[in-house]
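Enquirer: Enclosed is the structure file upload20.pdb (PDB, C-alpha atoms).
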```
MODEL        1
ATOM      1  CA  MET A 571      15.406  16.782 -15.133
ATOM      2  CA  SER A 572      17.613  15.151 -17.747
ATOM      3  CA  ILE A 573      18.190  11.539 -18.747
ATOM      4  CA  PRO A 574      21.793  10.798 -19.874
ATOM      5  CA  LEU A 575      22.094   9.056 -23.221
ATOM      6  CA  SER A 576      25.176   7.475 -24.742
ATOM      7  CA  LEU A 577      25.782   8.397 -28.398
ATOM      8  CA  ARG A 578      29.126   6.640 -28.583
ATOM      9  CA  ASN A 579      27.934   3.868 -30.911
ATOM     10  CA  CYS A 580      25.742   6.026 -33.136
ATOM     11  CA  PRO A 581      26.539   6.009 -36.895
ATOM     12  CA  SER A 582      28.556   8.940 -38.204
ATOM     13  CA  HIS A 583      25.725  10.288 -40.370
ATOM     14  CA  VAL A 584      23.474  10.470 -37.300
ATOM     15  CA  MET A 585      26.078  12.438 -35.348
ATOM     16  CA  GLU A 586      26.639  14.811 -38.251
ATOM     17  CA  SER A 587      22.931  15.503 -38.571
ATOM     18  CA  ALA A 588      22.428  15.875 -34.815
ATOM     19  CA  PHE A 589      25.180  18.363 -33.989
ATOM     20  CA  ILE A 590      26.078  21.647 -35.643
ATOM     21  CA  ILE A 591      28.968  24.036 -35.225
ATOM     22  CA  LYS A 592      28.616  26.442 -32.326
ATOM     23  CA  ASP A 593      29.181  29.524 -34.490
ATOM     24  CA  SER A 594      26.185  28.669 -36.639
ATOM     25  CA  GLN A 595      23.751  28.156 -33.750
ATOM     26  CA  ARG A 596      22.080  31.488 -34.325
ATOM     27  CA  SER A 597      20.129  31.866 -37.502
ATOM     28  CA  PRO A 598      18.914  35.478 -37.738
ATOM     29  CA  ARG A 599      15.415  35.822 -39.093
ATOM     30  CA  SER A 600      14.063  38.739 -40.968
ATOM     31  CA  ALA A 601      12.005  41.188 -38.976
ATOM     32  CA  ASP A 602       9.537  41.338 -41.841
ATOM     33  CA  ASN A 603       7.977  37.982 -41.000
ATOM     34  CA  GLY A 604       7.643  38.813 -37.309
ATOM     35  CA  LEU A 605      10.335  36.354 -36.113
ATOM     36  CA  VAL A 606      13.343  37.335 -34.036
ATOM     37  CA  SER A 607      16.775  35.759 -33.598
ATOM     38  CA  LEU A 608      16.683  32.645 -31.417
ATOM     39  CA  SER A 609      19.519  30.887 -29.594
ATOM     40  CA  PHE A 610      19.170  27.115 -29.483
ATOM     41  CA  PRO A 611      21.222  24.418 -27.688
ATOM     42  CA  LYS A 612      24.256  22.930 -29.442
ATOM     43  CA  SER A 613      22.306  19.824 -30.436
ATOM     44  CA  LYS A 614      19.406  19.812 -32.864
ATOM     45  CA  ILE A 615      17.868  16.835 -31.093
ATOM     46  CA  ALA A 616      17.971  18.374 -27.579
ATOM     47  CA  LEU A 617      15.433  20.854 -26.288
ATOM     48  CA  TRP A 618      17.943  22.354 -23.861
ATOM     49  CA  ASP A 619      21.625  22.182 -22.977
ATOM     50  CA  PRO A 620      22.038  18.846 -21.115
ATOM     51  CA  THR A 621      25.379  19.805 -19.529
ATOM     52  CA  PRO A 622      25.114  19.202 -15.744
ATOM     53  CA  VAL A 623      25.831  22.161 -13.461
ATOM     54  CA  GLY A 624      25.729  20.253 -10.183
ATOM     55  CA  THR A 625      25.496  16.880  -8.481
ATOM     56  CA  ALA A 626      22.748  14.503  -9.571
ATOM     57  CA  VAL A 627      20.049  13.554  -7.056
ATOM     58  CA  ASN A 628      18.422  10.110  -7.058
ATOM     59  CA  LEU A 629      14.679  10.071  -6.410
ATOM     60  CA  HIS A 630      13.386   6.878  -4.802
ATOM     61  CA  LEU A 631      11.795   6.025  -1.467
ATOM     62  CA  ALA A 632      14.555   3.559  -0.548
ATOM     63  CA  HIS A 633      17.575   4.723  -2.571
ATOM     64  CA  TYR A 634      19.654   5.990   0.363
ATOM     65  CA  ARG A 635      18.111   3.860   3.127
ATOM     66  CA  ASN A 636      15.068   1.727   3.802
ATOM     67  CA  PRO A 637      11.950   3.397   5.205
ATOM     68  CA  LYS A 638      11.959   3.828   8.986
ATOM     69  CA  LEU A 639       9.054   2.428  10.999
ATOM     70  CA  LEU A 640       7.855   3.838  14.334
ATOM     71  CA  VAL A 641       5.018   2.111  16.218
ATOM     72  CA  VAL A 642       3.253   3.625  19.238
ATOM     73  CA  GLU A 643       2.815   1.092  22.069
ATOM     74  CA  LYS A 644      -0.784   2.131  22.711
ATOM     75  CA  ALA A 645      -1.865   1.014  19.231
ATOM     76  CA  VAL A 646      -0.274  -2.423  19.697
ATOM     77  CA  ARG A 647      -1.889  -2.959  23.115
ATOM     78  CA  LEU A 648      -5.298  -2.022  21.700
ATOM     79  CA  ALA A 649      -4.827  -4.583  18.938
ATOM     80  CA  HIS A 650      -3.916  -7.235  21.520
ATOM     81  CA  ARG A 651      -6.932  -6.408  23.698
ATOM     82  CA  HIS A 652      -9.391  -6.672  20.794
ATOM     83  CA  ALA A 653      -7.776  -9.918  19.649
ATOM     84  CA  ARG A 654      -8.174 -11.485  23.108
ATOM     85  CA  GLN A 655     -11.832 -10.488  23.266
ATOM     86  CA  SER A 656     -12.585 -11.998  19.868
ATOM     87  CA  ASN A 657     -13.369 -15.653  19.296
ATOM     88  CA  HIS A 658     -10.780 -16.067  16.545
ATOM     89  CA  LYS A 659      -7.177 -17.091  16.942
ATOM     90  CA  LEU A 660      -6.279 -14.907  13.955
ATOM     91  CA  PHE A 661      -7.801 -11.460  14.378
ATOM     92  CA  PRO A 662      -7.776  -9.259  11.236
ATOM     93  CA  CYS A 663      -7.563  -5.514  11.835
ATOM     94  CA  PHE A 664      -5.817  -2.354  10.619
ATOM     95  CA  LEU A 665      -3.013  -0.103  11.804
ATOM     96  CA  LEU A 666      -3.186   3.584  10.861
ATOM     97  CA  GLY A 667      -0.560   6.279  10.727
ATOM     98  CA  SER A 668       1.220   8.705   8.457
ATOM     99  CA  VAL A 669       4.207   8.862   6.105
ATOM    100  CA  VAL A 670       6.562  11.837   6.391
ATOM    101  CA  VAL A 671       9.760  12.731   4.556
ATOM    102  CA  ASP A 672      12.850  12.841   6.791
ATOM    103  CA  CYS A 673      14.574  16.152   7.493
ATOM    104  CA  ASP A 674      17.572  15.266   5.325
ATOM    105  CA  GLU A 675      15.181  14.303   2.472
ATOM    106  CA  GLU A 676      16.996  10.985   1.988
ATOM    107  CA  GLY A 677      14.295   8.709   3.341
ATOM    108  CA  ILE A 678      10.803   8.440   4.754
ATOM    109  CA  THR A 679       9.410   7.536   8.178
ATOM    110  CA  VAL A 680       6.198   5.583   8.712
ATOM    111  CA  ARG A 681       4.619   6.421  12.091
ATOM    112  CA  ILE A 682       1.892   4.062  13.306
ATOM    113  CA  ASP A 683      -0.154   5.622  16.123
ATOM    114  CA  ARG A 684      -3.734   4.326  15.746
ATOM    115  CA  PHE A 685      -5.613   1.045  15.750
ATOM    116  CA  ASP A 686      -8.765   0.216  13.790
ATOM    117  CA  PRO A 687     -10.593  -3.086  14.480
ATOM    118  CA  GLY A 688     -12.334  -2.811  11.095
ATOM    119  CA  ARG A 689     -15.904  -3.731  10.228
ATOM    120  CA  GLU A 690     -17.701  -6.240   8.096
ATOM    121  CA  ALA A 691     -19.136  -4.891   4.835
ATOM    122  CA  SER A 692     -21.605  -6.563   2.508
ATOM    123  CA  GLY A 693     -20.074  -7.674  -0.750
ATOM    124  CA  CYS A 694     -16.511  -7.490   0.582
ATOM    125  CA  VAL A 695     -14.273 -10.393   1.478
ATOM    126  CA  GLY A 696     -12.845  -9.667   4.904
ATOM    127  CA  LYS A 697     -12.962  -6.448   6.889
ATOM    128  CA  VAL A 698     -12.774  -2.858   5.705
ATOM    129  CA  PRO A 699     -11.517   0.185   7.665
ATOM    130  CA  THR A 700     -14.046   1.781  10.000
ATOM    131  CA  ALA A 701     -13.178   5.426   9.329
ATOM    132  CA  LEU A 702     -10.333   6.230   6.955
ATOM    133  CA  LEU A 703      -9.373   9.915   6.877
ATOM    134  CA  PRO A 704      -7.561  11.718   4.036
ATOM    135  CA  GLY A 705      -3.816  11.316   4.388
ATOM    136  CA  ASP A 706      -4.040   8.160   6.525
ATOM    137  CA  PHE A 707      -1.515   5.417   5.829
ATOM    138  CA  LEU A 708      -3.309   2.076   6.115
ATOM    139  CA  ILE A 709      -1.617  -1.210   7.033
ATOM    140  CA  PRO A 710      -3.724  -4.405   7.010
ATOM    141  CA  CYS A 711      -2.753  -6.451  10.048
ATOM    142  CA  VAL A 712      -3.394  -9.887  11.531
ATOM    143  CA  VAL A 713      -2.991 -10.453  15.283
ATOM    144  CA  ASP A 714      -2.161 -14.027  16.259
ATOM    145  CA  ILE A 715      -2.934 -14.990  19.868
ATOM    146  CA  GLN A 716      -0.753 -17.839  21.150
ATOM    147  CA  ARG A 717      -1.276 -19.148  24.657
ATOM    148  CA  SER A 718       2.002 -21.062  24.745
ATOM    149  CA  ALA A 719       5.550 -19.981  24.114
ATOM    150  CA  CYS A 720       5.925 -21.915  20.876
ATOM    151  CA  HIS A 721       6.915 -19.833  17.879
ATOM    152  CA  GLU A 722       5.765 -20.623  14.388
ATOM    153  CA  THR A 723       7.230 -19.224  11.230
ATOM    154  CA  ILE A 724       4.869 -16.614   9.788
ATOM    155  CA  ALA A 725       4.958 -15.959   6.054
ATOM    156  CA  HIS A 726       2.732 -13.653   4.057
ATOM    157  CA  THR A 727       0.830 -15.557   1.428
ATOM    158  CA  ALA A 728       1.271 -15.226  -2.306
ATOM    159  CA  GLU A 729      -2.267 -13.833  -2.511
ATOM    160  CA  ASP A 730      -1.247 -10.968  -0.213
ATOM    161  CA  PHE A 731       1.592  -9.945  -2.501
ATOM    162  CA  SER A 732      -0.490 -10.474  -5.639
ATOM    163  CA  LEU A 733      -3.182  -8.133  -4.308
ATOM    164  CA  ALA A 734      -0.549  -5.548  -3.337
ATOM    165  CA  PHE A 735       1.005  -5.658  -6.822
ATOM    166  CA  LYS A 736      -2.396  -5.138  -8.434
ATOM    167  CA  MET A 737      -3.159  -2.174  -6.173
ATOM    168  CA  MET A 738       0.224  -0.606  -6.941
ATOM    169  CA  GLN A 739      -0.219  -1.090 -10.676
ATOM    170  CA  SER A 740      -3.722   0.363 -10.557
ATOM    171  CA  TYR A 741      -2.503   3.496  -8.768
ATOM    172  CA  CYS A 742       0.520   4.020 -11.035
ATOM    173  CA  CYS A 743      -1.693   3.730 -14.127
ATOM    174  CA  SER A 744      -4.388   6.064 -12.780
ATOM    175  CA  LYS A 745      -4.760   9.832 -13.163
ATOM    176  CA  GLU A 746      -4.659  10.473  -9.423
ATOM    177  CA  ALA A 747      -2.269  12.981  -7.887
ATOM    178  CA  VAL A 748       1.194  11.661  -7.031
ATOM    179  CA  ASP A 749       1.453  10.815  -3.320
ATOM    180  CA  PRO A 750       4.612   9.234  -1.844
ATOM    181  CA  ALA A 751       2.491   7.361   0.698
ATOM    182  CA  ARG A 752       0.619   5.636  -2.144
ATOM    183  CA  LEU A 753       3.899   4.300  -3.522
ATOM    184  CA  LEU A 754       4.452   2.139  -0.439
ATOM    185  CA  LEU A 755       2.185  -0.769   0.523
ATOM    186  CA  MET A 756       2.691  -2.641   3.796
ATOM    187  CA  ARG A 757       1.199  -5.586   5.651
ATOM    188  CA  ALA A 758       1.766  -6.669   9.266
ATOM    189  CA  HIS A 759       1.454  -9.873  11.279
ATOM    190  CA  ILE A 760       1.714  -9.592  15.066
ATOM    191  CA  THR A 761       2.178 -12.702  17.183
ATOM    192  CA  CYS A 762       1.327 -12.267  20.865
ATOM    193  CA  THR A 763       2.806 -14.754  23.334
ATOM    194  CA  GLU A 764       1.803 -14.784  27.008
ATOM    195  CA  ASN A 765       4.076 -16.418  29.560
ATOM    196  CA  VAL A 766       2.935 -16.004  33.180
ATOM    197  CA  ASP A 767       3.071 -12.212  33.648
ATOM    198  CA  LYS A 768       5.067 -11.485  30.496
ATOM    199  CA  LEU A 769       3.630 -10.454  27.162
ATOM    200  CA  ASN A 770       5.804 -10.681  24.074
ATOM    201  CA  PHE A 771       5.024  -9.216  20.662
ATOM    202  CA  ASP A 772       6.593 -10.626  17.519
ATOM    203  CA  PHE A 773       6.265  -8.320  14.504
ATOM    204  CA  HIS A 774       6.444  -9.493  10.904
ATOM    205  CA  TRP A 775       6.340  -6.767   8.249
ATOM    206  CA  ALA A 776       6.169  -6.918   4.483
ATOM    207  CA  ALA A 777       6.346  -3.941   2.134
ATOM    208  CA  ILE A 778       6.540  -3.315  -1.590
ATOM    209  CA  THR A 779       7.264  -0.171  -3.580
ATOM    210  CA  VAL A 780       7.980   0.736  -7.180
ATOM    211  CA  ALA A 781      11.408  -0.249  -8.486
ATOM    212  CA  THR A 782      11.673   2.670 -10.908
ATOM    213  CA  ALA A 783      14.168   5.304  -9.760
ATOM    214  CA  LEU A 784      14.502   8.794 -11.225
ATOM    215  CA  THR A 785      17.746  10.758 -11.479
ATOM    216  CA  ALA A 786      17.444  14.542 -11.284
ATOM    217  CA  ILE A 787      20.357  16.414 -12.868
ATOM    218  CA  PRO A 788      20.615  20.194 -12.309
ATOM    219  CA  LEU A 789      20.873  22.089 -15.600
ATOM    220  CA  LYS A 790      21.271  25.686 -16.656
ATOM    221  CA  GLN A 791      18.199  27.792 -16.082
ATOM    222  CA  ILE A 792      15.565  27.620 -18.796
ATOM    223  CA  PRO A 793      13.263  30.624 -19.310
ATOM    224  CA  ILE A 794       9.694  30.163 -18.066
ATOM    225  CA  ILE A 795       6.762  31.924 -19.670
ATOM    226  CA  PRO A 796       5.382  34.340 -16.997
ATOM    227  CA  THR A 797       1.836  33.048 -16.864
ATOM    228  CA  ALA A 798      -0.567  33.468 -13.928
ATOM    229  CA  LEU A 799       0.253  29.922 -12.767
ATOM    230  CA  ALA A 800       4.005  30.552 -12.880
ATOM    231  CA  ARG A 801       3.663  33.794 -10.896
ATOM    232  CA  ASN A 802       1.414  32.110  -8.338
ATOM    233  CA  LEU A 803       3.776  29.176  -7.751
ATOM    234  CA  SER A 804       6.756  31.510  -7.272
ATOM    235  CA  SER A 805       5.033  33.776  -4.742
ATOM    236  CA  SER A 806       4.840  33.337  -0.971
ATOM    237  CA  LEU A 807       1.041  33.019  -1.187
ATOM    238  CA  SER A 808       1.056  30.251  -3.757
ATOM    239  CA  ILE A 809      -1.437  27.404  -3.882
ATOM    240  CA  THR A 810       1.084  24.986  -2.410
ATOM    241  CA  HIS A 811       1.898  27.234   0.584
ATOM    242  CA  VAL A 812      -1.741  28.048   1.361
ATOM    243  CA  GLN A 813      -2.977  24.455   1.110
ATOM    244  CA  GLY A 814       0.235  22.961   2.524
ATOM    245  CA  ALA A 815       0.463  20.301  -0.197
ATOM    246  CA  CYS A 816       2.407  19.899  -3.407
ATOM    247  CA  LYS A 817       0.619  20.750  -6.645
ATOM    248  CA  PHE A 818       2.189  18.617  -9.337
ATOM    249  CA  GLY A 819       2.090  19.499 -12.994
ATOM    250  CA  TYR A 820       3.812  19.141 -16.330
ATOM    251  CA  LEU A 821       6.088  21.167 -18.586
ATOM    252  CA  THR A 822       5.650  21.941 -22.244
ATOM    253  CA  MET A 823       7.428  24.352 -24.603
ATOM    254  CA  ASP A 824       6.450  26.963 -27.138
ATOM    255  CA  GLN A 825       8.227  27.700 -30.429
ATOM    256  CA  THR A 826      10.755  29.921 -28.616
ATOM    257  CA  ARG A 827      11.792  26.990 -26.394
ATOM    258  CA  LYS A 828      10.497  28.605 -23.220
ATOM    259  CA  LEU A 829       8.874  26.410 -20.617
ATOM    260  CA  LEU A 830       5.137  26.581 -20.031
ATOM    261  CA  LEU A 831       3.765  25.273 -16.720
ATOM    262  CA  VAL A 832       0.587  23.188 -16.887
ATOM    263  CA  LEU A 833      -1.334  21.779 -13.914
ATOM    264  CA  GLU A 834      -1.995  18.039 -13.964
ATOM    265  CA  SER A 835      -5.740  18.765 -13.880
ATOM    266  CA  ASP A 836      -5.564  20.894 -17.028
ATOM    267  CA  PRO A 837      -7.280  19.140 -19.981
ATOM    268  CA  LYS A 838      -4.575  20.499 -22.313
ATOM    269  CA  VAL A 839      -2.144  17.978 -20.793
ATOM    270  CA  PHE A 840      -3.538  15.319 -23.132
ATOM    271  CA  THR A 841      -3.049  17.454 -26.266
ATOM    272  CA  LEU A 842       0.226  19.320 -25.617
ATOM    273  CA  PRO A 843       3.696  17.726 -26.015
ATOM    274  CA  VAL A 844       4.985  17.089 -22.476
ATOM    275  CA  VAL A 845       8.745  17.537 -21.949
ATOM    276  CA  GLY A 846       8.901  17.218 -18.154
ATOM    277  CA  MET A 847       7.095  17.654 -14.856
ATOM    278  CA  GLN A 848       7.110  20.378 -12.216
ATOM    279  CA  VAL A 849       7.047  19.684  -8.469
ATOM    280  CA  PRO A 850       6.779  22.726  -6.156
ATOM    281  CA  LEU A 851       8.073  22.839  -2.576
ATOM    282  CA  ILE A 852      11.214  20.834  -3.417
ATOM    283  CA  THR A 853      14.377  22.119  -1.725
TER     284      THR A 853
ENDMDL
END
```
As structure tokens, what does this structure read like?
Expert:
Amino acid sequence: MSIPLSLRNCPSHVMESAFIIKDSQRSPRSADNGLVSLSFPKSKIALWDPTPVGTAVNLHLAHYRNPKLLVVEKAVRLAHRHARQSNHKLFPCFLLGSVVVDCDEEGITVRIDRFDPGREASGCVGKVPTALLPGDFLIPCVVDIQRSACHETIAHTAEDFSLAFKMMQSYCCSKEAVDPARLLLMRAHITCTENVDKLNFDFHWAAITVATALTAIPLKQIPIIPTALARNLSSSLSITHVQGACKFGYLTMDQTRKLLLVLESDPKVFTLPVVGMQVPLIT
């Protein structure tokens, strides 16, 4: 990954000190001191040649299109049934599902297929999920039962968005593994209107995600130090293939400017200079 920088307005002395003539890139070292000849990029201030060799790819959940939402009818009818049986006009509950990356890798799809009425917990304001499994995408929901056909404008409160922003900030500042589903927070408000033998559902959705977008630019291949981790990630029986999940990590360099792969759980991440990140299973 490379970030383009504009050096157009840099002072002349900075440009002269940053770039050197191509013929003088190689500086042979004596074999007596154990060093060999090294070939560096054209720029002294670049760790590798930043010349693109392909089309840049933008990395963001909603760069090419907004997330797609699919809701199973059974989950909605269960929410309506529990709301009718309750004694509250506004029935708080949860919708559960999953987040998957689309086949063209230009968007994500949120599939809601389960309903959770929630439960009361001591010390908590409001309900909490009954049984949340790993990988579940949770959407807090409020079901509004209206006996008449009148429609009121539903707006999510400022407290809802404030809480969502705090949760997003807490996750982005944590040391947890990167999960695309954790970068999208949603809330739902369902208004149910009964008219004789007709039942109408009015859905109101609100979602937030990070605004930061990354641009991945393909570059010339950079040598990778053949460590056990590098060999494992490049094999068909790698950790990512066996467990079926991405294992994120970081990139550092040695004095020969070869990349060294480091897992995000490695304590050396906090002491080594990080020059990038590695994401397996990306096509």
Enquirer: I need the residue set behind the PyMOL selection byres ((chain A and resi 640-647) around 9) for this file; please write it as a ChimeraX atom specification.
Expert: /A:638-639,648-652,665-667,679-686,760,771
Enquirer: Report, in Å with one decimal, the straight-line distance from atom CA of A:Leu829 to atom CA of A:Leu631.
Expert: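 So the two atoms, atom CA of A:Leu829 and atom CA of A:Leu631, lie 28.1 Å apart.
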Enquirer: Could you list, as a ChimeraX atom specification, every residue within 12 Å of A:Val695, counting all atoms listed in the file and ignoring same-chain residues fewer than 5 positions away?
Expert: /A:662,689-690
Enquirer: List the spatial neighbours of A:Pro788 as a PyMOL selection string - criterion: any atom at most 10 Å away, all atoms listed in the file, same-chain residues fewer than 4 positions off excluded.
Expert: chain A and resi 571-572+620-627
Enquirer: Please write the residues from the selection above to a file, keeping C-alpha atoms, as a PDB file, keeping the file's coordinate frame.
Expert:
```pdb
ATOM      1  CA  MET A 571      15.406  16.782 -15.133  1.00  0.00           C
ATOM      2  CA  SER A 572      17.613  15.151 -17.747  1.00  0.00           C
ATOM      3  CA  PRO A 620      22.038  18.846 -21.115  1.00  0.00           C
ATOM      4  CA  THR A 621      25.379  19.805 -19.529  1.00  0.00           C
ATOM      5  CA  PRO A 622      25.114  19.202 -15.744  1.00  0.00           C
ATOM      6  CA  VAL A 623      25.831  22.161 -13.461  1.00  0.00           C
ATOM      7  CA  GLY A 624      25.729  20.253 -10.183  1.00  0.00           C
ATOM      8  CA  THR A 625      25.496  16.880  -8.481  1.00  0.00           C
ATOM      9  CA  ALA A 626      22.748  14.503  -9.571  1.00  0.00           C
ATOM     10  CA  VAL A 627      20.049  13.554  -7.056  1.00  0.00           C
TER      11      VAL A 627
END
```
Enquirer: What gap, in Å, lies between atom CA of A:Gln848 and atom CA of A:Leu702?
Expert: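 Taking atom CA of A:Gln848 and atom CA of A:Leu702, their separation equals 29.5 Å.
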Enquirer: Name the residues in contact with stretch 733-750 of chain A at a cut-off of 12 Å, using all atoms listed in the file, excluding same-chain residues fewer than 6 positions from it; report them as a PyMOL selection string.
Expert: chain A and resi 629-632+637+668-671+677-680+704-707+709-710+726-727+756-757+776-782+815-819+833-837+839-840+847-849
Enquirer: Would you give the centre and edge lengths, in Å to one decimal, of a box along x, y and z around the listed atoms of stretch 617-627 of chain A, with 5 Å added to each side, as JSON?
Expert:
```
{"center_x": 20.6, "center_y": 18.0, "center_z": -16.7, "size_x": 20.4, "size_y": 18.8, "size_z": 29.2}
```
Enquirer: Quick one: pull the distance between atom CA of A:Ile715 and atom CA of A:Gly693, Å, one decimal.
Expert: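 Between these atoms lies a distance of 27.8 Å.
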Enquirer: Would you mind telling me which residue in A:Leu754, A:Gly696, A:Pro843, A:Leu831 lies nearest to A:Pro796 when using all atoms listed in the file?
Expert: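 The answer is A:Leu831, which sits nearest to A:Pro796.
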Enquirer: Check what the PyMOL selection byres ((chain A and resi 846) around 6) selects in the file above and give those residues as a compact mmCIF listing (two decimals) with C-alpha atoms, keeping the file's coordinate frame.
Expert:
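Wrote it out as selection-v9.txt, contents follow:
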```txt
# COMPACT_ATOMS: atom_id res chain seq x y z
CA TYR A 820 3.81 19.14 -16.33
CA LEU A 821 6.09 21.17 -18.59
CA VAL A 844 4.99 17.09 -22.48
CA VAL A 845 8.74 17.54 -21.95
CA MET A 847 7.10 17.65 -14.86
```
Enquirer: Would you pick out the contacts of A:Thr761 at 6 Å or less, using all atoms listed in the file, so that residues sharing its chain but fewer than 3 positions from it are not included, and give the list as JSON, numbers by chain?
Expert: {"A": [713, 714, 771, 772]}
Enquirer: Given the choices A:Ile787, A:Val712, A:Ile795, A:Leu769, which gets closest to A:Ala653 if the distance is worked out from all atoms listed in the file?
Expert: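 Of the candidates, the smallest distance to A:Ala653 is held by A:Val712.
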Enquirer: Closest to A:Ala758 among A:Ser656, A:Trp618, A:Ser805, A:Cys663, using all atoms listed in the file?
Expert: A:Cys663
